[in-house]
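This is entry-v4.cif. It holds mmCIF, C-alpha atoms and all ligand atoms; chains and numbers go by the auth columns.
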```
data_start
#
loop_
_atom_site.group_PDB
_atom_site.id
_atom_site.type_symbol
_atom_site.label_atom_id
_atom_site.label_comp_id
_atom_site.label_asym_id
_atom_site.label_seq_id
_atom_site.Cartn_x
_atom_site.Cartn_y
_atom_site.Cartn_z
_atom_site.B_iso_or_equiv
_atom_site.auth_seq_id
_atom_site.auth_asym_id
ATOM 1 C CA MET A 1 -32.477 32.959 -40.173 0.00 1 A
ATOM 2 C CA LYS A 2 -31.754 32.737 -43.858 0.00 2 A
ATOM 3 C CA ILE A 3 -34.316 33.894 -46.404 0.00 3 A
ATOM 4 C CA SER A 4 -33.996 31.566 -49.363 0.00 4 A
ATOM 5 C CA GLN A 5 -37.226 32.532 -51.088 0.00 5 A
ATOM 6 C CA ALA A 6 -39.359 35.705 -51.095 0.00 6 A
ATOM 7 C CA ILE A 7 -42.351 35.849 -53.407 0.00 7 A
ATOM 8 C CA PHE A 8 -45.032 38.525 -53.847 0.00 8 A
ATOM 9 C CA ALA A 9 -48.230 36.724 -52.832 0.00 9 A
ATOM 10 C CA GLY A 10 -50.918 39.355 -53.393 0.00 10 A
ATOM 11 C CA SER A 11 -52.395 42.746 -52.580 0.00 11 A
ATOM 12 C CA SER A 12 -55.611 43.318 -50.656 0.00 12 A
ATOM 13 C CA THR A 13 -57.691 46.032 -49.067 0.00 13 A
ATOM 14 C CA ARG A 14 -59.977 43.669 -47.145 0.00 14 A
ATOM 15 C CA VAL A 15 -58.944 40.786 -44.900 0.00 15 A
ATOM 16 C CA ALA A 16 -61.245 38.444 -46.841 0.00 16 A
ATOM 17 C CA GLN A 17 -59.102 39.054 -49.943 0.00 17 A
ATOM 18 C CA LYS A 18 -55.707 38.288 -48.432 0.00 18 A
ATOM 19 C CA PRO A 19 -53.819 35.142 -49.551 0.00 19 A
ATOM 20 C CA ALA A 20 -55.788 32.061 -48.566 0.00 20 A
ATOM 21 C CA ARG A 21 -52.897 30.096 -47.036 0.00 21 A
ATOM 22 C CA ARG A 22 -53.004 30.284 -43.263 0.00 22 A
ATOM 23 C CA LEU A 23 -49.413 31.023 -42.322 0.00 23 A
ATOM 24 C CA PRO A 24 -47.919 33.264 -39.604 0.00 24 A
ATOM 25 C CA GLU A 25 -47.805 36.931 -40.594 0.00 25 A
ATOM 26 C CA PHE A 26 -45.268 39.564 -39.515 0.00 26 A
ATOM 27 C CA ALA A 27 -46.470 43.022 -40.523 0.00 27 A
ATOM 28 C CA PHE A 28 -44.831 46.440 -40.763 0.00 28 A
ATOM 29 C CA ILE A 29 -46.613 49.654 -39.900 0.00 29 A
ATOM 30 C CA GLY A 30 -45.629 53.233 -39.086 0.00 30 A
ATOM 31 C CA ARG A 31 -45.953 56.761 -40.371 0.00 31 A
ATOM 32 C CA SER A 32 -45.868 57.324 -44.103 0.00 32 A
ATOM 33 C CA ASN A 33 -42.305 57.379 -45.413 0.00 33 A
ATOM 34 C CA VAL A 34 -40.778 55.861 -42.251 0.00 34 A
ATOM 35 C CA GLY A 35 -39.224 53.095 -44.367 0.00 35 A
ATOM 36 C CA LYS A 36 -41.571 50.075 -44.128 0.00 36 A
ATOM 37 C CA SER A 37 -41.259 48.938 -47.735 0.00 37 A
ATOM 38 C CA SER A 38 -37.504 49.590 -47.797 0.00 38 A
ATOM 39 C CA LEU A 39 -37.068 47.450 -44.680 0.00 39 A
ATOM 40 C CA ILE A 40 -38.940 44.552 -46.293 0.00 40 A
ATOM 41 C CA ASN A 41 -36.646 44.808 -49.316 0.00 41 A
ATOM 42 C CA MET A 42 -33.584 44.896 -47.083 0.00 42 A
ATOM 43 C CA LEU A 43 -34.742 41.892 -45.049 0.00 43 A
ATOM 44 C CA THR A 44 -35.481 39.811 -48.135 0.00 44 A
ATOM 45 C CA GLY A 45 -32.411 40.982 -50.042 0.00 45 A
ATOM 46 C CA ARG A 46 -34.671 41.923 -52.961 0.00 46 A
ATOM 47 C CA SER A 47 -34.332 45.629 -53.690 0.00 47 A
ATOM 48 C CA LYS A 48 -37.488 45.855 -55.817 0.00 48 A
ATOM 49 C CA LEU A 49 -39.831 43.436 -54.032 0.00 49 A
ATOM 50 C CA ALA A 50 -41.858 46.139 -52.248 0.00 50 A
ATOM 51 C CA MET A 51 -42.342 49.470 -53.992 0.00 51 A
ATOM 52 C CA THR A 52 -40.718 52.428 -52.251 0.00 52 A
ATOM 53 C CA SER A 53 -40.810 56.166 -52.889 0.00 53 A
ATOM 54 C CA SER A 54 -39.415 59.380 -51.454 0.00 54 A
ATOM 55 C CA THR A 55 -43.008 60.709 -51.622 0.00 55 A
ATOM 56 C CA PRO A 56 -45.092 59.656 -48.571 0.00 56 A
ATOM 57 C CA GLY A 57 -48.245 57.621 -49.169 0.00 57 A
ATOM 58 C CA LYS A 58 -46.676 55.187 -51.651 0.00 58 A
ATOM 59 C CA THR A 59 -48.083 51.910 -50.267 0.00 59 A
ATOM 60 C CA LYS A 60 -51.894 52.022 -50.444 0.00 60 A
ATOM 61 C CA VAL A 61 -52.806 48.351 -50.063 0.00 61 A
ATOM 62 C CA VAL A 62 -51.809 45.415 -47.874 0.00 62 A
ATOM 63 C CA ASN A 63 -49.054 43.456 -49.632 0.00 63 A
ATOM 64 C CA HIS A 64 -48.215 39.883 -48.618 0.00 64 A
ATOM 65 C CA PHE A 65 -44.794 38.406 -49.368 0.00 65 A
ATOM 66 C CA LEU A 66 -44.380 34.655 -48.903 0.00 66 A
ATOM 67 C CA ILE A 67 -41.071 33.838 -47.216 0.00 67 A
ATOM 68 C CA ASN A 68 -39.411 30.398 -47.446 0.00 68 A
ATOM 69 C CA ASP A 69 -42.844 28.979 -48.344 0.00 69 A
ATOM 70 C CA SER A 70 -43.713 29.094 -44.637 0.00 70 A
ATOM 71 C CA TRP A 71 -44.611 32.605 -43.381 0.00 71 A
ATOM 72 C CA TYR A 72 -45.543 36.057 -44.652 0.00 72 A
ATOM 73 C CA LEU A 73 -43.978 39.481 -44.397 0.00 73 A
ATOM 74 C CA VAL A 74 -46.791 42.029 -44.724 0.00 74 A
ATOM 75 C CA ASP A 75 -46.243 45.580 -45.971 0.00 75 A
ATOM 76 C CA LEU A 76 -48.949 47.980 -44.795 0.00 76 A
ATOM 77 C CA PRO A 77 -49.801 51.530 -45.877 0.00 77 A
ATOM 78 C CA GLY A 78 -48.496 54.268 -43.590 0.00 78 A
ATOM 79 C CA TYR A 79 -50.550 56.363 -41.210 0.00 79 A
ATOM 80 C CA GLY A 80 -50.446 60.062 -40.452 0.00 80 A
ATOM 81 C CA TYR A 81 -49.811 61.558 -43.868 0.00 81 A
ATOM 82 C CA ALA A 82 -51.558 64.904 -43.554 0.00 82 A
ATOM 83 C CA LYS A 83 -51.437 65.828 -47.219 0.00 83 A
ATOM 84 C CA LEU A 84 -53.662 63.027 -48.483 0.00 84 A
ATOM 85 C CA PRO A 85 -57.257 63.991 -49.318 0.00 85 A
ATOM 86 C CA ASP A 86 -59.552 63.275 -46.343 0.00 86 A
ATOM 87 C CA LYS A 87 -61.453 60.499 -48.106 0.00 87 A
ATOM 88 C CA MET A 88 -58.275 58.621 -49.025 0.00 88 A
ATOM 89 C CA ARG A 89 -56.833 59.041 -45.534 0.00 89 A
ATOM 90 C CA ARG A 90 -60.003 57.566 -44.027 0.00 90 A
ATOM 91 C CA GLU A 91 -59.965 54.681 -46.502 0.00 91 A
ATOM 92 C CA LEU A 92 -56.313 53.881 -45.766 0.00 92 A
ATOM 93 C CA ALA A 93 -56.943 54.047 -42.010 0.00 93 A
ATOM 94 C CA GLU A 94 -59.770 51.552 -42.450 0.00 94 A
ATOM 95 C CA VAL A 95 -57.586 49.195 -44.543 0.00 95 A
ATOM 96 C CA ILE A 96 -54.943 49.274 -41.778 0.00 96 A
ATOM 97 C CA ARG A 97 -57.472 48.927 -38.943 0.00 97 A
ATOM 98 C CA GLU A 98 -59.274 45.992 -40.523 0.00 98 A
ATOM 99 C CA TYR A 99 -56.052 44.111 -41.223 0.00 99 A
ATOM 100 C CA ILE A 100 -54.622 44.636 -37.749 0.00 100 A
ATOM 101 C CA MET A 101 -57.824 43.905 -35.856 0.00 101 A
ATOM 102 C CA GLU A 102 -59.122 41.041 -37.958 0.00 102 A
ATOM 103 C CA SER A 103 -56.253 39.100 -39.476 0.00 103 A
ATOM 104 C CA GLN A 104 -56.184 35.885 -37.453 0.00 104 A
ATOM 105 C CA GLU A 105 -52.695 35.045 -38.677 0.00 105 A
ATOM 106 C CA LEU A 106 -50.975 38.260 -37.544 0.00 106 A
ATOM 107 C CA VAL A 107 -48.455 37.199 -34.894 0.00 107 A
ATOM 108 C CA MET A 108 -46.330 40.335 -34.589 0.00 108 A
ATOM 109 C CA LEU A 109 -46.716 43.919 -35.704 0.00 109 A
ATOM 110 C CA PHE A 110 -43.499 45.871 -36.123 0.00 110 A
ATOM 111 C CA VAL A 111 -44.158 49.558 -35.505 0.00 111 A
ATOM 112 C CA LEU A 112 -41.477 51.598 -37.252 0.00 112 A
ATOM 113 C CA ILE A 113 -40.326 54.892 -35.760 0.00 113 A
ATOM 114 C CA ASP A 114 -37.971 57.312 -37.531 0.00 114 A
ATOM 115 C CA SER A 115 -34.891 57.443 -35.316 0.00 115 A
ATOM 116 C CA ARG A 116 -34.278 61.096 -36.174 0.00 116 A
ATOM 117 C CA HIS A 117 -37.355 62.407 -34.362 0.00 117 A
ATOM 118 C CA ASP A 118 -39.066 62.019 -31.011 0.00 118 A
ATOM 119 C CA ILE A 119 -41.849 59.459 -31.099 0.00 119 A
ATOM 120 C CA GLY A 120 -44.939 61.543 -31.948 0.00 120 A
ATOM 121 C CA ARG A 121 -48.487 61.865 -30.634 0.00 121 A
ATOM 122 C CA ILE A 122 -49.810 60.003 -33.664 0.00 122 A
ATOM 123 C CA ASP A 123 -47.487 57.046 -32.916 0.00 123 A
ATOM 124 C CA LEU A 124 -48.386 57.069 -29.221 0.00 124 A
ATOM 125 C CA ASP A 125 -52.115 57.076 -30.024 0.00 125 A
ATOM 126 C CA PHE A 126 -51.598 54.194 -32.450 0.00 126 A
ATOM 127 C CA LEU A 127 -49.657 52.191 -29.833 0.00 127 A
ATOM 128 C CA SER A 128 -52.385 52.844 -27.243 0.00 128 A
ATOM 129 C CA GLU A 129 -54.947 51.406 -29.626 0.00 129 A
ATOM 130 C CA LEU A 130 -52.781 48.315 -30.094 0.00 130 A
ATOM 131 C CA GLY A 131 -52.552 47.976 -26.321 0.00 131 A
ATOM 132 C CA GLU A 132 -56.326 48.282 -25.917 0.00 132 A
ATOM 133 C CA HIS A 133 -56.842 45.484 -28.426 0.00 133 A
ATOM 134 C CA GLY A 134 -54.015 43.285 -27.172 0.00 134 A
ATOM 135 C CA ILE A 135 -52.121 43.305 -30.485 0.00 135 A
ATOM 136 C CA PRO A 136 -48.522 42.136 -29.929 0.00 136 A
ATOM 137 C CA PHE A 137 -45.995 44.660 -31.233 0.00 137 A
ATOM 138 C CA ALA A 138 -42.320 45.528 -31.274 0.00 138 A
ATOM 139 C CA ILE A 139 -40.686 48.826 -32.228 0.00 139 A
ATOM 140 C CA ILE A 140 -38.056 49.194 -34.946 0.00 140 A
ATOM 141 C CA PHE A 141 -36.164 52.485 -35.112 0.00 141 A
ATOM 142 C CA THR A 142 -35.454 53.184 -38.799 0.00 142 A
ATOM 143 C CA LYS A 143 -33.005 55.264 -40.835 0.00 143 A
ATOM 144 C CA THR A 144 -30.312 54.893 -38.186 0.00 144 A
ATOM 145 C CA ASP A 145 -27.681 55.715 -40.815 0.00 145 A
ATOM 146 C CA LYS A 146 -28.743 59.346 -40.406 0.00 146 A
ATOM 147 C CA LEU A 147 -27.423 59.479 -36.821 0.00 147 A
ATOM 148 C CA GLY A 148 -24.149 58.639 -35.116 0.00 148 A
ATOM 149 C CA PRO A 149 -24.209 55.961 -32.400 0.00 149 A
ATOM 150 C CA VAL A 150 -24.274 58.462 -29.524 0.00 150 A
ATOM 151 C CA ALA A 151 -27.106 60.531 -30.998 0.00 151 A
ATOM 152 C CA LEU A 152 -29.016 57.340 -31.808 0.00 152 A
ATOM 153 C CA GLN A 153 -28.764 56.051 -28.250 0.00 153 A
ATOM 154 C CA ALA A 154 -29.800 59.476 -26.901 0.00 154 A
ATOM 155 C CA GLN A 155 -32.869 59.460 -29.167 0.00 155 A
ATOM 156 C CA ILE A 156 -33.819 55.911 -28.158 0.00 156 A
ATOM 157 C CA ASP A 157 -33.432 56.900 -24.485 0.00 157 A
ATOM 158 C CA ARG A 158 -35.712 59.912 -25.073 0.00 158 A
ATOM 159 C CA ASP A 159 -38.328 57.748 -26.763 0.00 159 A
ATOM 160 C CA CYS A 160 -38.140 55.212 -23.925 0.00 160 A
ATOM 161 C CA ALA A 161 -38.753 58.043 -21.441 0.00 161 A
ATOM 162 C CA ILE A 162 -41.765 59.229 -23.476 0.00 162 A
ATOM 163 C CA LEU A 163 -43.155 55.685 -23.735 0.00 163 A
ATOM 164 C CA SER A 164 -42.645 55.107 -20.011 0.00 164 A
ATOM 165 C CA GLN A 165 -45.157 57.860 -19.296 0.00 165 A
ATOM 166 C CA THR A 166 -47.945 55.627 -20.621 0.00 166 A
ATOM 167 C CA TRP A 167 -46.498 52.102 -20.692 0.00 167 A
ATOM 168 C CA GLU A 168 -45.528 50.197 -17.571 0.00 168 A
ATOM 169 C CA GLU A 169 -43.504 47.747 -19.594 0.00 169 A
ATOM 170 C CA LEU A 170 -41.633 48.749 -22.737 0.00 170 A
ATOM 171 C CA PRO A 171 -42.024 46.672 -25.927 0.00 171 A
ATOM 172 C CA PRO A 172 -39.084 44.885 -27.583 0.00 172 A
ATOM 173 C CA MET A 173 -37.018 47.429 -29.500 0.00 173 A
ATOM 174 C CA LEU A 174 -34.797 46.940 -32.526 0.00 174 A
ATOM 175 C CA ALA A 175 -32.939 49.352 -34.810 0.00 175 A
ATOM 176 C CA SER A 176 -32.260 49.196 -38.522 0.00 176 A
ATOM 177 C CA SER A 177 -31.016 51.046 -41.540 0.00 177 A
ATOM 178 C CA SER A 178 -32.105 49.877 -44.959 0.00 178 A
ATOM 179 C CA ALA A 179 -29.588 52.257 -46.525 0.00 179 A
ATOM 180 C CA ALA A 180 -26.635 50.924 -44.510 0.00 180 A
ATOM 181 C CA ARG A 181 -28.115 47.405 -44.397 0.00 181 A
ATOM 182 C CA THR A 182 -27.877 47.144 -40.618 0.00 182 A
ATOM 183 C CA GLY A 183 -30.329 45.483 -38.242 0.00 183 A
ATOM 184 C CA ARG A 184 -31.183 42.707 -40.688 0.00 184 A
ATOM 185 C CA ASP A 185 -29.980 39.800 -38.554 0.00 185 A
ATOM 186 C CA GLU A 186 -31.582 41.263 -35.417 0.00 186 A
ATOM 187 C CA VAL A 187 -35.017 41.528 -37.044 0.00 187 A
ATOM 188 C CA LEU A 188 -34.814 38.125 -38.757 0.00 188 A
ATOM 189 C CA ASP A 189 -33.550 36.394 -35.603 0.00 189 A
ATOM 190 C CA TYR A 190 -36.371 38.005 -33.636 0.00 190 A
ATOM 191 C CA ILE A 191 -38.910 36.699 -36.175 0.00 191 A
ATOM 192 C CA ASP A 192 -37.255 33.272 -36.030 0.00 192 A
ATOM 193 C CA SER A 193 -37.525 33.183 -32.237 0.00 193 A
ATOM 194 C CA ILE A 194 -41.263 33.901 -32.470 0.00 194 A
ATOM 195 C CA LEU A 195 -41.794 31.298 -35.218 0.00 195 A
ATOM 196 C CA LYS A 196 -40.103 28.684 -33.016 0.00 196 A
ATOM 197 C CA GLN A 197 -42.543 29.418 -30.167 0.00 197 A
ATOM 198 C CA LEU A 198 -45.642 28.927 -32.350 0.00 198 A
HETATM 199 N N1 LIG B . -31.333 57.214 -45.288 0.00 1 B
HETATM 200 C C1 LIG B . -32.276 56.264 -45.300 0.00 1 B
HETATM 201 N N2 LIG B . -33.359 56.411 -46.089 0.00 1 B
HETATM 202 C C2 LIG B . -34.291 55.437 -46.058 0.00 1 B
HETATM 203 C C3 LIG B . -34.162 54.276 -45.234 0.00 1 B
HETATM 204 N N3 LIG B . -35.263 53.513 -45.410 0.00 1 B
HETATM 205 C C4 LIG B . -36.043 54.158 -46.311 0.00 1 B
HETATM 206 N N4 LIG B . -35.461 55.310 -46.705 0.00 1 B
HETATM 207 C C5 LIG B . -36.013 56.278 -47.685 0.00 1 B
HETATM 208 O O1 LIG B . -37.237 56.777 -47.156 0.00 1 B
HETATM 209 C C6 LIG B . -38.192 56.947 -48.204 0.00 1 B
HETATM 210 C C7 LIG B . -39.454 56.167 -47.879 0.00 1 B
HETATM 211 O O2 LIG B . -39.170 54.781 -47.914 0.00 1 B
HETATM 212 P P1 LIG B . -40.338 53.698 -48.061 0.00 1 B
HETATM 213 O O3 LIG B . -39.718 52.384 -47.769 0.00 1 B
HETATM 214 O O4 LIG B . -41.069 53.877 -49.348 0.00 1 B
HETATM 215 O O5 LIG B . -41.279 54.141 -46.852 0.00 1 B
HETATM 216 P P2 LIG B . -42.721 53.569 -46.449 0.00 1 B
HETATM 217 O O6 LIG B . -42.782 53.609 -44.965 0.00 1 B
HETATM 218 O O7 LIG B . -42.969 52.262 -47.100 0.00 1 B
HETATM 219 O O8 LIG B . -43.672 54.703 -47.039 0.00 1 B
HETATM 220 P P3 LIG B . -45.244 54.651 -47.449 0.00 1 B
HETATM 221 O O9 LIG B . -45.490 53.387 -48.185 0.00 1 B
HETATM 222 O O10 LIG B . -45.395 55.869 -48.298 0.00 1 B
HETATM 223 O O11 LIG B . -45.995 54.747 -46.155 0.00 1 B
HETATM 224 C C8 LIG B . -37.494 56.490 -49.485 0.00 1 B
HETATM 225 O O12 LIG B . -36.974 57.639 -50.127 0.00 1 B
HETATM 226 C C9 LIG B . -36.373 55.593 -48.978 0.00 1 B
HETATM 227 O O13 LIG B . -35.268 55.552 -49.841 0.00 1 B
HETATM 228 C C10 LIG B . -32.984 54.157 -44.435 0.00 1 B
HETATM 229 O O14 LIG B . -32.748 53.210 -43.706 0.00 1 B
HETATM 230 N N5 LIG B . -32.079 55.169 -44.505 0.00 1 B
HETATM 231 MG MG MG B . -44.478 51.671 -48.326 0.00 2 B
#
```
Can I see the file as structure tokens?
Amino acid sequence: MKISQAIFAGSSTRVAQKPARRLPEFAFIGRSNVGKSSLINMLTGRSKLAMTSSTPGKTKVVNHFLINDSWYLVDLPGYGYAKLPDKMRRELAEVIREYIMESQELVMLFVLIDSRHDIGRIDLDFLSELGEHGIPFAIIFTKTDKLGPVALQAQIDRDCAILSQTWEELPPMLASSSAARTGRDEVLDYIDSILKQL
């Protein structure tokens, strides 16, 4: 799929405030600093569309980006950043929870996992919650430029083994590097295949 237009469509902290147009939404979630905003920039080919930072906790609101005037990419705040003050961490968790549980237009949640580390307890708990609520999700392993192909496959195999302990069926899995600009076609083609089924 070709992205010919990507426009910032608004920020929100409550579902009632999100852009009014009812279009399919593809959202990105994962631990703080895993590379959600960078991936959105890579996918859209717009390096400054979503704000990124080397400091975790950069994205604090739900950002909608209108793609090709027909669907939205949604950048969410990260979870699991221990250094945030308690109150802010609770508020961010509520922003994420409300969007995921209540946005009627969400068709696919991409859960990003840093390919350098084993999938963590916090990710597994988050995935379990998605399962309990029947939220469709796929995994994207990020920052794959940091590993060679053999190490990357070994890490993905380890994560699959960990996931298999709780999941009978594994979710779709993709890999990307925003730095090396790889995985773009895979993610966009996957989105396209879902859009065509709607
Ligand atoms: N090497 C490498 N670095 C990356 C990649 N993607 C993101 N980064 C870096 O990781 C850091 C975090 O990137 P963001 O895109 O801001 O991460 P985020 O998940 O949106 O973070 P929060 O909004 O804070 O939750 C930045 O310093 C990015 O440059 C990647 O594919 N490869
Ligand atoms: Mg971000």
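Using only C-alpha atoms and all ligand atoms for every distance, the candidate list A:Val187, A:Ala9, A:Ile3, A:Leu49 yields A:Leu49 as the residue closest to ligand MG 2 (chain B).
Residue nearest ligand LIG 1 (chain B), chosen from A:Phe126, A:Tyr99, A:Phe141, A:Trp167 and counting all atoms listed in the file: A:Phe141.
Nearest residue to A:Arg158 among A:Ala16, A:Ile119, A:Met51, A:Ala175 is A:Ile119, counting only C-alpha atoms.
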Collect all residues with atoms no farther than 10 Å from ligand LIG 1 (chain B), counting all atoms listed in the file, and output them as number ranges by chain. A: 28-42, 50-61, 75-81, 112-115, 141-147, 175-183
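Each of A:Asn63, A:Ser11, A:Ser47, A:Gln17 was compared to ligand MG 2 (chain B) using only C-alpha atoms and all ligand atoms, and A:Asn63 turns out to be the nearest.
With all atoms listed in the file as the atoms that count, the residue of A:Lys48, A:His133, A:Arg116, A:Arg184 with the shortest distance to ligand MG 2 (chain B) is A:Lys48.
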Which residues fall under the PyMOL selection byres (((chain A and resi 70) around 10) and not hetatm) in this file, as number ranges by chain? A: 5, 21-25, 66-69, 71-72, 195
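Taking atom CA of A:Thr166 as the reference point, atom CA of A:Ile122 is found at 13.9 Å.
Taking atom CA of A:Ser164 and atom CA of A:Ala138 as the two end points, the separation is 14.8 Å.
If only C-alpha atoms are the atoms counted, then among A:Lys196, A:His117, A:Arg89, A:Arg46 the closest residue to A:Ser4 is A:Arg46.
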Expand the PyMOL selection byres (((chain A and resi 95) around 8) and not hetatm) into the individual residues it matches in the shown file, reporting them as number ranges by chain. A: 13-14, 61-62, 91-94, 96-99
Could you check how far atom CA of A:Ala6 sits from atom CA of A:Phe137, in Å to one decimal? 22.8 Å
Write out as lines of an AutoDock Vina configuration file an axis-aligned box for stretch 125-142 of chain A: all of its atoms listed in the file, 6 Å added on each side, centre and edge lengths in Å with one decimal.
```
center_x = -46.1
center_y = 49.6
center_z = -32.4
size_x = 33.4
size_y = 26.9
size_z = 24.9
```
